[in-house]
$ cat input20.csv   # CSV, C-alpha atoms
chain,number,residue,atom,x,y,z
A,1329,MET,CA,24.7,374.3,-95.4
A,1330,GLU,CA,22.9,373.7,-98.7
A,1331,PHE,CA,19.2,373.7,-98.8
A,1332,LYS,CA,17.3,372.1,-101.6
A,1333,LYS,CA,13.8,371.3,-100.3
A,1334,VAL,CA,12.1,372.9,-97.3
A,1335,ALA,CA,8.8,371.7,-95.8
A,1336,VAL,CA,6.2,374.3,-95.1
A,1337,VAL,CA,3.6,372.9,-92.7
A,1338,GLY,CA,0.5,375.0,-92.6
A,1339,ALA,CA,-0.6,377.0,-95.7
A,1340,GLY,CA,-2.4,379.9,-94.2
A,1341,THR,CA,-1.4,383.6,-94.6
A,1342,ILE,CA,2.1,383.2,-93.3
A,1343,GLY,CA,2.7,379.8,-94.8
A,1344,ILE,CA,1.8,381.2,-98.2
A,1345,GLY,CA,4.3,384.0,-97.7
A,1346,VAL,CA,7.0,381.5,-96.7
A,1347,VAL,CA,6.4,379.4,-99.8
A,1348,THR,CA,6.5,382.5,-102.0
A,1349,ASP,CA,9.8,383.4,-100.5
A,1350,LEU,CA,11.3,379.9,-100.9
A,1351,VAL,CA,10.3,379.5,-104.6
A,1352,MET,CA,11.3,383.0,-105.5
A,1353,HIS,CA,14.8,382.2,-104.2
A,1354,GLY,CA,15.1,379.0,-106.1
A,1355,LEU,CA,14.2,376.5,-103.4
A,1356,SER,CA,11.7,373.8,-103.6
A,1357,ALA,CA,8.8,373.7,-101.1
A,1358,VAL,CA,6.8,370.7,-99.9
A,1359,VAL,CA,3.6,372.4,-98.7
A,1360,VAL,CA,1.4,370.5,-96.2
A,1361,ASP,CA,-2.1,371.3,-95.0
A,1362,ILE,CA,-5.2,369.4,-94.1
A,1363,SER,CA,-7.3,369.8,-97.3
A,1364,ALA,CA,-6.8,370.0,-101.0
A,1365,GLU,CA,-8.9,373.1,-101.1
A,1366,ILE,CA,-6.6,375.0,-98.7
A,1367,LEU,CA,-3.6,373.8,-100.7
A,1368,GLN,CA,-5.1,375.0,-104.0
A,1369,ARG,CA,-5.9,378.4,-102.5
A,1370,ALA,CA,-2.3,378.6,-101.2
A,1371,ARG,CA,-0.9,377.7,-104.7
A,1372,SER,CA,-3.1,380.3,-106.3
A,1373,GLU,CA,-2.0,383.0,-103.7
A,1374,VAL,CA,1.7,382.1,-104.1
A,1375,LEU,CA,1.5,382.5,-107.9
A,1376,LYS,CA,-0.3,385.8,-107.4
A,1377,ASN,CA,2.4,386.9,-105.0
A,1378,VAL,CA,5.1,385.9,-107.5
A,1379,ARG,CA,3.4,387.8,-110.2
A,1380,VAL,CA,3.0,391.1,-108.3
A,1381,ALA,CA,6.4,390.9,-106.5
A,1382,PRO,CA,8.2,393.2,-108.9
A,1383,LEU,CA,5.6,395.9,-108.1
A,1384,LEU,CA,6.5,395.7,-104.4
A,1385,SER,CA,10.3,395.0,-104.4
A,1386,LYS,CA,13.1,395.7,-106.8
A,1387,THR,CA,15.5,393.4,-105.0
A,1388,LEU,CA,13.5,390.1,-105.1
A,1389,PRO,CA,14.6,387.6,-107.8
A,1390,ARG,CA,12.2,387.6,-110.8
A,1391,VAL,CA,10.6,384.3,-111.2
A,1392,THR,CA,7.9,383.2,-113.7
A,1393,ARG,CA,4.7,381.7,-112.5
A,1394,ASP,CA,5.6,378.4,-114.2
A,1395,GLU,CA,9.0,378.3,-112.5
A,1396,ALA,CA,7.3,378.9,-109.1
A,1397,ALA,CA,4.6,376.3,-109.8
A,1398,GLN,CA,7.3,373.7,-110.6
A,1399,ARG,CA,9.0,374.3,-107.2
A,1400,MET,CA,5.9,373.6,-105.2
A,1401,VAL,CA,4.7,370.2,-104.1
A,1402,LEU,CA,1.3,370.3,-102.4
A,1403,THR,CA,0.3,367.5,-100.1
A,1404,THR,CA,-2.1,366.5,-97.3
A,1405,ARG,CA,0.4,363.8,-96.1
A,1406,LEU,CA,2.7,365.0,-93.4
A,1407,GLU,CA,4.9,362.0,-94.2
A,1408,ASP,CA,6.0,363.8,-97.3
A,1409,VAL,CA,8.3,366.1,-95.2
A,1410,ALA,CA,10.6,363.1,-94.8
A,1411,SER,CA,12.7,364.2,-97.8
A,1412,CYS,CA,13.2,367.8,-96.7
A,1413,ASP,CA,16.3,369.6,-95.3
A,1414,PHE,CA,14.3,371.8,-92.9
A,1415,VAL,CA,10.8,372.1,-91.6
A,1416,ILE,CA,9.0,375.4,-91.1
A,1417,GLU,CA,5.8,375.0,-89.2
A,1418,ASN,CA,3.1,377.7,-89.5
A,1419,VAL,CA,0.0,376.1,-88.2
A,1420,THR,CA,-2.7,378.0,-86.2
A,1421,GLU,CA,-1.7,379.6,-83.0
A,1422,ASP,CA,-3.5,377.0,-80.9
A,1423,TRP,CA,-1.5,374.9,-78.5
A,1424,GLU,CA,-3.5,371.7,-79.0
A,1425,ILE,CA,-3.1,371.9,-82.8
A,1426,LYS,CA,0.6,372.7,-82.6
A,1427,LYS,CA,1.2,369.9,-80.1
A,1428,SER,CA,-0.5,367.4,-82.3
A,1429,VAL,CA,1.5,368.5,-85.4
A,1430,TYR,CA,4.9,368.3,-83.6
A,1431,GLU,CA,4.1,364.9,-82.2
A,1432,ARG,CA,3.4,363.7,-85.7
A,1433,LEU,CA,6.4,365.6,-87.2
A,1434,GLU,CA,8.7,363.9,-84.7
A,1435,GLN,CA,7.6,360.5,-86.2
A,1436,VAL,CA,8.1,361.4,-89.8
A,1437,ALA,CA,11.1,363.8,-90.1
A,1438,PRO,CA,14.7,362.4,-89.8
A,1439,PRO,CA,16.1,363.2,-86.4
A,1440,GLU,CA,18.8,365.5,-87.7
A,1441,VAL,CA,16.3,367.8,-89.4
A,1442,CYS,CA,15.6,371.1,-87.6
A,1443,PHE,CA,12.1,372.4,-86.9
A,1444,GLY,CA,11.6,376.1,-87.3
A,1445,ALA,CA,8.6,376.9,-85.2
A,1446,ASN,CA,7.0,379.9,-86.8
A,1447,THR,CA,4.9,381.4,-84.1
A,1448,SER,CA,4.2,384.8,-82.8
A,1449,CYS,CA,3.5,383.9,-79.2
A,1450,VAL,CA,3.8,380.3,-78.2
A,1451,SER,CA,6.9,379.4,-76.2
A,1452,ILE,CA,9.6,377.6,-78.3
A,1453,THR,CA,10.7,375.7,-75.2
A,1454,ARG,CA,7.2,374.4,-74.7
A,1455,ILE,CA,7.0,373.3,-78.4
A,1456,ALA,CA,10.5,371.6,-78.1
A,1457,GLY,CA,9.2,369.7,-75.1
A,1458,VAL,CA,6.8,367.8,-77.3
A,1459,THR,CA,9.6,366.4,-79.5
A,1460,ARG,CA,12.6,364.2,-78.8
A,1461,ARG,CA,14.9,366.7,-80.5
A,1462,PRO,CA,14.6,369.8,-78.3
A,1463,ALA,CA,18.1,371.0,-79.4
A,1464,ASN,CA,16.8,371.0,-83.0
A,1465,VAL,CA,13.8,373.2,-82.4
A,1466,VAL,CA,14.3,376.9,-83.0
A,1467,GLY,CA,11.8,379.8,-83.2
A,1468,VAL,CA,11.3,381.8,-86.3
A,1469,HIS,CA,8.8,384.7,-86.2
A,1470,LEU,CA,8.3,385.5,-89.9
A,1471,MET,CA,6.1,388.4,-90.4
A,1472,ASN,CA,3.5,389.2,-93.1
A,1473,PRO,CA,4.2,389.8,-96.0
A,1474,VAL,CA,7.0,387.3,-95.5
A,1475,HIS,CA,8.7,387.7,-98.9
A,1476,LEU,CA,8.9,391.5,-98.5
A,1477,MET,CA,10.3,391.6,-94.9
A,1478,PRO,CA,14.1,391.8,-94.7
A,1479,THR,CA,14.5,391.0,-91.0
A,1480,VAL,CA,13.2,388.1,-88.9
A,1481,GLU,CA,13.0,387.7,-85.1
A,1482,VAL,CA,14.6,384.4,-84.3
A,1483,ILE,CA,14.1,382.7,-80.9
A,1484,ARG,CA,16.5,380.5,-79.0
A,1485,GLY,CA,14.5,378.1,-76.8
A,1486,LEU,CA,16.0,376.8,-73.6
A,1487,HIS,CA,17.4,373.7,-75.3
A,1488,THR,CA,18.1,375.2,-78.8
A,1489,SER,CA,21.6,374.3,-80.0
A,1490,ASP,CA,24.0,376.7,-81.7
A,1491,SER,CA,24.0,374.4,-84.6
A,1492,ALA,CA,20.2,374.6,-85.0
A,1493,LEU,CA,20.4,378.4,-84.7
A,1494,ASP,CA,23.2,378.5,-87.3
A,1495,THR,CA,21.1,376.3,-89.7
A,1496,LEU,CA,18.1,378.6,-89.5
A,1497,VAL,CA,20.2,381.7,-89.9
A,1498,ALA,CA,21.8,380.2,-93.0
A,1499,LEU,CA,18.4,379.4,-94.4
A,1500,LEU,CA,17.2,383.0,-93.7
A,1501,SER,CA,20.4,384.3,-95.3
A,1502,ARG,CA,19.6,382.2,-98.4
A,1503,LEU,CA,16.3,384.1,-98.5
A,1504,GLY,CA,18.1,387.5,-98.2
A,1505,LYS,CA,17.0,388.0,-94.6
A,1506,GLU,CA,18.8,389.1,-91.5
A,1507,ALA,CA,18.1,387.4,-88.2
A,1508,ILE,CA,17.8,389.1,-84.8
A,1509,THR,CA,18.1,386.4,-82.2
A,1510,VAL,CA,16.3,386.8,-78.8
A,1511,GLN,CA,15.5,384.6,-75.8
A,1512,ASP,CA,12.3,382.7,-75.3
A,1513,LEU,CA,9.3,384.0,-73.5
A,1514,PRO,CA,5.7,384.1,-74.9
A,1515,GLY,CA,5.3,386.9,-77.5
A,1516,PHE,CA,9.1,387.3,-77.6
A,1517,VAL,CA,10.0,391.0,-78.2
A,1518,SER,CA,7.8,392.0,-81.2
A,1519,ASN,CA,4.4,390.7,-80.3
A,1520,ARG,CA,4.7,391.3,-76.6
A,1521,ILE,CA,4.9,395.0,-77.4
A,1522,SER,CA,3.1,395.3,-80.8
A,1523,HIS,CA,-0.1,393.5,-79.6
A,1524,LEU,CA,-0.4,396.0,-76.8
A,1525,PHE,CA,-0.4,398.8,-79.4
A,1526,MET,CA,-3.0,397.0,-81.6
A,1527,ASN,CA,-5.2,396.1,-78.7
A,1528,GLU,CA,-5.1,399.6,-77.1
A,1529,ALA,CA,-5.8,401.1,-80.6
A,1530,ALA,CA,-8.9,398.9,-80.7
A,1531,PHE,CA,-10.0,400.2,-77.2
A,1532,VAL,CA,-9.5,403.8,-78.4
A,1533,LEU,CA,-11.7,403.1,-81.4
A,1534,GLN,CA,-14.3,401.3,-79.2
A,1535,ASP,CA,-14.3,404.4,-76.9
A,1536,SER,CA,-15.0,406.6,-80.0
A,1537,LEU,CA,-11.9,408.7,-79.2
A,1538,ALA,CA,-10.9,408.7,-82.8
A,1539,SER,CA,-11.7,407.0,-86.1
A,1540,ALA,CA,-9.7,404.0,-87.3
A,1541,GLY,CA,-8.2,406.3,-90.1
A,1542,GLN,CA,-7.2,408.9,-87.6
A,1543,ILE,CA,-5.5,406.4,-85.2
A,1544,ASP,CA,-3.4,405.0,-88.0
A,1545,GLN,CA,-2.6,408.4,-89.4
A,1546,ILE,CA,-1.2,409.5,-86.0
A,1547,PHE,CA,1.1,406.5,-86.0
A,1548,ARG,CA,2.2,407.1,-89.6
A,1549,LYS,CA,2.6,410.8,-89.6
A,1550,CYS,CA,3.5,411.6,-86.0
A,1551,PHE,CA,5.6,408.5,-85.2
A,1552,GLY,CA,6.8,407.8,-88.7
A,1553,HIS,CA,5.6,404.2,-88.6
A,1554,LYS,CA,5.0,402.6,-92.0
A,1555,MET,CA,1.7,401.4,-90.9
A,1556,GLY,CA,-0.7,402.2,-88.0
A,1557,PRO,CA,-1.7,399.6,-85.4
A,1558,LEU,CA,-5.2,398.9,-86.8
A,1559,GLU,CA,-4.1,398.4,-90.4
A,1560,THR,CA,-1.3,396.2,-89.1
A,1561,ALA,CA,-3.9,394.1,-87.3
A,1562,ASP,CA,-5.9,394.0,-90.5
A,1563,LEU,CA,-2.8,392.8,-92.4
A,1564,ILE,CA,-2.0,390.1,-89.8
A,1565,GLY,CA,-5.6,388.9,-89.5
A,1566,LEU,CA,-7.8,389.9,-86.6
A,1567,ASP,CA,-8.4,386.2,-85.7
A,1568,THR,CA,-4.6,385.7,-85.4
A,1569,VAL,CA,-4.2,388.9,-83.3
A,1570,MET,CA,-7.1,387.8,-81.0
A,1571,ARG,CA,-5.6,384.4,-80.5
A,1572,SER,CA,-2.1,385.8,-79.9
A,1573,LEU,CA,-3.6,388.2,-77.2
A,1574,ASP,CA,-5.3,385.2,-75.6
A,1575,VAL,CA,-2.0,383.3,-75.5
A,1576,LEU,CA,-0.2,386.3,-74.0
A,1577,TYR,CA,-3.0,386.7,-71.4
A,1578,GLU,CA,-2.9,383.1,-70.5
A,1579,SER,CA,0.9,383.0,-70.4
A,1580,PHE,CA,1.6,386.0,-68.3
A,1581,GLN,CA,-1.7,386.1,-66.4
A,1582,ASP,CA,-1.5,389.8,-66.8
A,1583,PRO,CA,-4.8,391.8,-67.5
A,1584,LYS,CA,-2.9,394.2,-69.7
A,1585,TYR,CA,-3.2,391.5,-72.5
A,1586,ARG,CA,-7.0,391.1,-72.2
A,1587,CYS,CA,-8.5,391.2,-75.7
A,1588,CYS,CA,-10.6,394.3,-76.6
A,1589,PRO,CA,-14.3,393.3,-76.9
A,1590,LEU,CA,-14.5,395.2,-80.2
A,1591,LEU,CA,-11.7,393.2,-81.7
A,1592,ARG,CA,-13.4,390.0,-80.6
A,1593,LYS,CA,-16.7,391.1,-82.0
A,1594,LEU,CA,-15.1,391.8,-85.4
A,1595,VAL,CA,-13.7,388.3,-85.4
A,1596,HIS,CA,-17.0,386.8,-84.5
A,1597,ALA,CA,-18.6,388.8,-87.4
A,1598,GLY,CA,-16.1,387.4,-89.9
A,1599,HIS,CA,-14.4,390.7,-90.4
A,1600,LEU,CA,-10.9,389.4,-90.2
A,1601,GLY,CA,-9.0,392.2,-92.0
A,1602,ARG,CA,-7.4,392.2,-95.5
A,1603,LYS,CA,-8.0,388.5,-96.1
A,1604,THR,CA,-11.8,389.0,-95.9
A,1605,GLY,CA,-11.9,392.5,-97.4
A,1606,LYS,CA,-13.0,394.1,-94.1
A,1607,GLY,CA,-11.6,394.5,-90.6
A,1608,PHE,CA,-11.0,397.9,-88.9
A,1609,HIS,CA,-10.8,399.2,-92.5
A,1610,SER,CA,-12.4,398.1,-95.7
A,1611,TYR,CA,-10.4,396.8,-98.7
A,1612,PRO,CA,-12.5,397.2,-101.8
A,1613,THR,CA,-11.2,395.2,-104.9
A,1614,ALA,CA,-13.3,396.9,-107.5
B,157,MET,CA,-17.3,397.3,-125.5
B,158,ASN,CA,-17.1,401.1,-125.6
B,159,MET,CA,-13.9,403.0,-125.4
B,160,MET,CA,-13.8,405.0,-122.2
B,161,GLN,CA,-12.8,408.6,-122.3
B,162,GLU,CA,-9.8,409.6,-120.3
B,163,ALA,CA,-12.0,411.7,-118.0
B,164,ASP,CA,-14.2,408.7,-117.3
B,165,ILE,CA,-11.2,406.5,-116.5
B,166,LYS,CA,-9.8,409.2,-114.2
B,167,GLN,CA,-13.1,409.5,-112.4
B,168,ALA,CA,-13.4,405.7,-111.9
B,169,VAL,CA,-9.8,405.5,-110.6
B,170,ARG,CA,-10.5,408.5,-108.3
B,171,GLN,CA,-13.6,406.8,-106.9
B,172,PHE,CA,-11.7,403.7,-106.2
B,173,ILE,CA,-8.8,405.5,-104.5
B,174,PHE,CA,-11.2,407.6,-102.4
B,175,LYS,CA,-13.3,404.6,-101.5
B,176,SER,CA,-10.1,403.1,-100.1
B,177,ILE,CA,-8.4,406.0,-98.3
B,178,ARG,CA,-11.0,408.7,-97.9
B,179,LEU,CA,-8.8,411.8,-98.3
B,180,PRO,CA,-10.8,414.4,-100.1
B,181,ASP,CA,-7.9,416.8,-100.4
B,182,LEU,CA,-5.7,414.3,-102.3
B,183,GLY,CA,-4.1,416.0,-105.4
B,184,ASP,CA,-4.1,414.3,-108.8
B,185,ASP,CA,-0.3,414.1,-108.8
B,186,ASP,CA,0.2,413.4,-105.1
B,187,ASN,CA,2.4,410.3,-104.6
B,188,LEU,CA,0.3,407.9,-102.7
B,189,PHE,CA,3.3,405.9,-101.5
B,190,GLU,CA,5.9,408.5,-100.7
B,191,SER,CA,3.5,410.6,-98.7
B,192,GLY,CA,2.8,407.7,-96.3
B,193,ILE,CA,-0.9,407.9,-97.2
B,194,VAL,CA,-0.9,404.2,-98.0
B,195,ASN,CA,1.7,401.4,-98.0
B,196,SER,CA,3.0,399.7,-101.1
B,197,LEU,CA,0.4,396.9,-100.7
B,198,PHE,CA,-2.2,399.3,-101.9
B,199,ALA,CA,-0.5,399.2,-105.3
B,200,VAL,CA,-1.6,395.6,-105.6
B,201,GLN,CA,-5.2,396.6,-104.8
B,202,LEU,CA,-5.0,399.4,-107.4
B,203,MET,CA,-3.5,397.1,-110.0
B,204,THR,CA,-6.2,394.5,-109.4
B,205,PHE,CA,-8.9,397.2,-109.7
B,206,VAL,CA,-7.5,398.5,-113.0
B,207,GLU,CA,-7.4,395.0,-114.5
B,208,LYS,CA,-11.0,394.3,-113.5
B,209,ALA,CA,-12.5,397.7,-114.2
B,210,PHE,CA,-10.9,398.3,-117.6
B,211,GLY,CA,-10.4,394.8,-118.8
B,212,ILE,CA,-6.7,395.0,-119.3
B,213,GLU,CA,-4.0,392.6,-118.3
B,214,VAL,CA,-1.0,394.1,-116.5
B,215,GLN,CA,2.1,392.5,-118.0
B,216,SER,CA,5.3,391.8,-116.1
B,217,ASP,CA,7.0,394.8,-117.7
B,218,ASP,CA,4.2,397.1,-116.4
B,219,LEU,CA,4.8,396.0,-112.8
B,220,ASP,CA,6.5,399.2,-111.8
B,221,ILE,CA,5.2,401.3,-108.9
B,222,GLU,CA,5.6,404.4,-111.1
B,223,ASN,CA,2.6,403.3,-113.0
B,224,PHE,CA,0.4,403.4,-109.9
B,225,LYS,CA,2.0,406.1,-107.8
B,226,SER,CA,-0.8,408.7,-108.2
B,227,LEU,CA,-4.2,409.3,-109.6
B,228,ASN,CA,-2.8,410.8,-112.8
B,229,ALA,CA,-0.1,408.1,-113.2
B,230,THR,CA,-2.7,405.4,-112.9
B,231,THR,CA,-5.0,407.1,-115.4
B,232,GLU,CA,-2.2,407.6,-117.9
B,233,PHE,CA,-1.2,404.0,-117.5
B,234,VAL,CA,-4.7,402.8,-118.3
B,235,VAL,CA,-4.9,405.1,-121.3
B,236,ARG,CA,-1.6,403.8,-122.6
B,237,LYS,CA,-2.9,400.3,-122.3
B,238,ASN,CA,-6.0,401.3,-124.3
B,239,GLY,CA,-8.2,400.6,-121.4
B,240,ARG,CA,-11.7,399.5,-122.3
B,241,CYS,CA,-14.7,399.2,-120.1
B,242,ALA,CA,-15.1,395.7,-118.9
B,243,ALA,CA,-18.8,396.0,-118.8

$ encode --input "input20.csv" --output "structure tokens"
Amino acid sequence: MEFKKVAVVGAGTIGIGVVTDLVMHGLSAVVVDISAEILQRARSEVLKNVRVAPLLSKTLPRVTRDEAAQRMVLTTRLEDVASCDFVIENVTEDWEIKKSVYERLEQVAPPEVCFGANTSCVSITRIAGVTRRPANVVGVHLMNPVHLMPTVEVIRGLHTSDSALDTLVALLSRLGKEAITVQDLPGFVSNRISHLFMNEAAFVLQDSLASAGQIDQIFRKCFGHKMGPLETADLIGLDTVMRSLDVLYESFQDPKYRCCPLLRKLVHAGHLGRKTGKGFHSYPTA
Amino acid sequence: MNMMQEADIKQAVRQFIFKSIRLPDLGDDDNLFESGIVNSLFAVQLMTFVEKAFGIEVQSDDLDIENFKSLNATTEFVVRKNGRCAA
């Protein structure tokens, strides 16, 4: 299948990464969010990503900022997705918001178009139930930084068709990504496990068992992980991690997913990780 | 604008790196990325710092991790680019 134009609904951290990936691979992106301010910030971040990409990856195509800018259409009108071959939804991990977006997407996107629900925790089957095209809804858990990650967790909802899965896998392949397809339960494989690591690391810090640096170093140097759990949480965004834990807690009704009070406190303080310059660690810019 | 001496540049880069990763035993030639001390995203922080602190613009040909792999590599890069104090 040939892809020309892909809709990206939600221009937060992940949405920005998705748009970066699309434009760097020569695809056009219709970027939808609720305000011009959010869209301008997204545009600026995408162009920054495109600029520094050669520093972080030798395999990504080299694209000028002008080329990238020409491949982006920014809009606050969800109706503008009507001309797209595929929709990737990346809105906030909040069920009421997602539900409302899918109800509206159902009205404006042609019925044959597949929806890639980019979520870290919400059930794909639940999302599909809001639409009249459940076979064309497939889960795609793109991880940050999207354009640098070679592998993606793909989720088959209860109703997802082989054809919708094949379409998504083809799009990911166009972006140079491999798909690992799993079944559908909240948190899938990656977040169901990784969020326990991040949350327990926050409890360890709260208990003054070790510093944030020590906790991450143990994961890097003893386990050989590229990043420790706290810096991973900082990269994802502590608000997103907190919301995902809340979704897991609500979905499984299992206390092992209760969010660490220290993590919640940092979110309330506005220390959301890399995007605000401070989370479990600090990220000075100058 | 005053030209900064290499030693001043190195000191400023050292302070930025230490402020970010707090490893007092880090050697001047230690590879920040291969050692697992930081991940490659730190290169972007370092590049942004270098541009702001020394008033230079990193060009697309300069976007090579080799230029930012260690304290000495970063200092040498700034010197090559005729770094000037932005203040």

$ residues_around --input "input20.csv" --residues "range 1504-1514 of chain A" --least-positions-apart "2" --cutoff "6 Å" --atoms "only C-alpha atoms" --output "PyMOL selection string"
chain A and resi 1449-1451+1478-1485+1500-1502+1516

$ residues_around --input "input20.csv" --residues "Asn228 in chain B" --least-positions-apart "5" --cutoff "10 Å" --atoms "only C-alpha atoms" --output "number ranges by chain"
B: 166, 169-170, 183-187, 223, 233-234

$ residues_around --input "input20.csv" --residues "range 1569-1579 of chain A" --least-positions-apart "6" --cutoff "8 Å" --atoms "all atoms listed in the file" --output "list in words"
Glu1421, Asp1422, Ser1448, Cys1449, Val1450, Pro1514, Gly1515, Arg1520, His1523, Ala1561, Tyr1585, Arg1586, Cys1587, Leu1591, Arg1592 and Val1595 of chain A

$ atom_distance --input "input20.csv" --atom1 "CA of Asp164 in chain B" --atom2 "CA of Lys1606 in chain A"
27.4 Å

$ atom_distance --input "input20.csv" --atom1 "CA of Lys1333 in chain A" --atom2 "CA of Phe1414 in chain A"
7.4 Å

$ closest_residue --input "input20.csv" --among "A:Leu1493, A:Ala1597, A:Ala1530, A:Ile1564" --to "Thr1341 in chain A" --atoms "only C-alpha atoms"
A:Ile1564

$ decode --input "input20.csv" --residues "range 182-205 of chain B" --atoms "N, CA and C atoms" --output "mmCIF file, in the first residue's frame"
data_model
loop_
_atom_site.group_PDB
_atom_site.id
_atom_site.type_symbol
_atom_site.label_atom_id
_atom_site.label_comp_id
_atom_site.auth_asym_id
_atom_site.auth_seq_id
_atom_site.Cartn_x
_atom_site.Cartn_y
_atom_site.Cartn_z
ATOM 1 N N LEU B 182 35.045 11.875 36.173
ATOM 2 C CA LEU B 182 34.984 11.781 34.717
ATOM 3 C C LEU B 182 36.273 12.332 34.101
ATOM 4 N N GLY B 183 36.924 11.520 33.264
ATOM 5 C CA GLY B 183 38.155 11.951 32.605
ATOM 6 C C GLY B 183 37.860 12.845 31.409
ATOM 7 N N ASP B 184 38.833 13.682 31.057
ATOM 8 C CA ASP B 184 38.615 14.638 29.962
ATOM 9 C C ASP B 184 38.378 13.960 28.621
ATOM 10 N N ASP B 185 38.916 12.743 28.469
ATOM 11 C CA ASP B 185 38.737 12.024 27.195
ATOM 12 C C ASP B 185 37.732 10.881 27.306
ATOM 13 N N ASP B 186 37.122 10.709 28.450
ATOM 14 C CA ASP B 186 36.145 9.616 28.609
ATOM 15 C C ASP B 186 34.971 9.825 27.654
ATOM 16 N N ASN B 187 34.634 8.764 26.934
ATOM 17 C CA ASN B 187 33.512 8.855 25.995
ATOM 18 C C ASN B 187 32.193 8.795 26.776
ATOM 19 N N LEU B 188 31.458 9.909 26.721
ATOM 20 C CA LEU B 188 30.228 10.034 27.503
ATOM 21 C C LEU B 188 29.186 9.010 27.070
ATOM 22 N N PHE B 189 29.183 8.685 25.792
ATOM 23 C CA PHE B 189 28.090 7.879 25.250
ATOM 24 C C PHE B 189 28.407 6.385 25.274
ATOM 25 N N GLU B 190 29.666 6.024 24.956
ATOM 26 C CA GLU B 190 30.022 4.600 24.948
ATOM 27 C C GLU B 190 30.045 4.017 26.360
ATOM 28 N N SER B 191 30.364 4.850 27.338
ATOM 29 C CA SER B 191 30.487 4.341 28.702
ATOM 30 C C SER B 191 29.131 4.115 29.365
ATOM 31 N N GLY B 192 28.075 4.596 28.706
ATOM 32 C CA GLY B 192 26.749 4.432 29.298
ATOM 33 C C GLY B 192 26.452 5.459 30.382
ATOM 34 N N ILE B 193 27.317 6.479 30.499
ATOM 35 C CA ILE B 193 27.090 7.518 31.510
ATOM 36 C C ILE B 193 25.814 8.293 31.172
ATOM 37 N N VAL B 194 25.679 8.615 29.900
ATOM 38 C CA VAL B 194 24.467 9.304 29.441
ATOM 39 C C VAL B 194 24.027 8.648 28.138
ATOM 40 N N ASN B 195 22.790 8.901 27.721
ATOM 41 C CA ASN B 195 22.386 8.381 26.419
ATOM 42 C C ASN B 195 22.598 9.477 25.371
ATOM 43 N N SER B 196 22.392 9.110 24.117
ATOM 44 C CA SER B 196 22.758 10.024 23.032
ATOM 45 C C SER B 196 21.952 11.318 23.052
ATOM 46 N N LEU B 197 20.791 11.328 23.742
ATOM 47 C CA LEU B 197 20.004 12.567 23.800
ATOM 48 C C LEU B 197 20.782 13.675 24.506
ATOM 49 N N PHE B 198 21.733 13.308 25.337
ATOM 50 C CA PHE B 198 22.541 14.324 26.016
ATOM 51 C C PHE B 198 23.358 15.128 25.001
ATOM 52 N N ALA B 199 23.673 14.509 23.866
ATOM 53 C CA ALA B 199 24.424 15.226 22.830
ATOM 54 C C ALA B 199 23.661 16.464 22.369
ATOM 55 N N VAL B 200 22.334 16.349 22.325
ATOM 56 C CA VAL B 200 21.526 17.503 21.899
ATOM 57 C C VAL B 200 21.594 18.608 22.958
ATOM 58 N N GLN B 201 21.544 18.207 24.238
ATOM 59 C CA GLN B 201 21.676 19.206 25.318
ATOM 60 C C GLN B 201 23.032 19.899 25.232
ATOM 61 N N LEU B 202 24.060 19.097 24.995
ATOM 62 C CA LEU B 202 25.421 19.644 24.938
ATOM 63 C C LEU B 202 25.563 20.583 23.741
ATOM 64 N N MET B 203 25.006 20.172 22.613
ATOM 65 C CA MET B 203 25.077 21.017 21.413
ATOM 66 C C MET B 203 24.346 22.343 21.633
ATOM 67 N N THR B 204 23.170 22.264 22.267
ATOM 68 C CA THR B 204 22.395 23.481 22.522
ATOM 69 C C THR B 204 23.157 24.402 23.473
ATOM 70 N N PHE B 205 23.776 23.811 24.479
ATOM 71 C CA PHE B 205 24.585 24.598 25.419
ATOM 72 C C PHE B 205 25.718 25.303 24.684
#
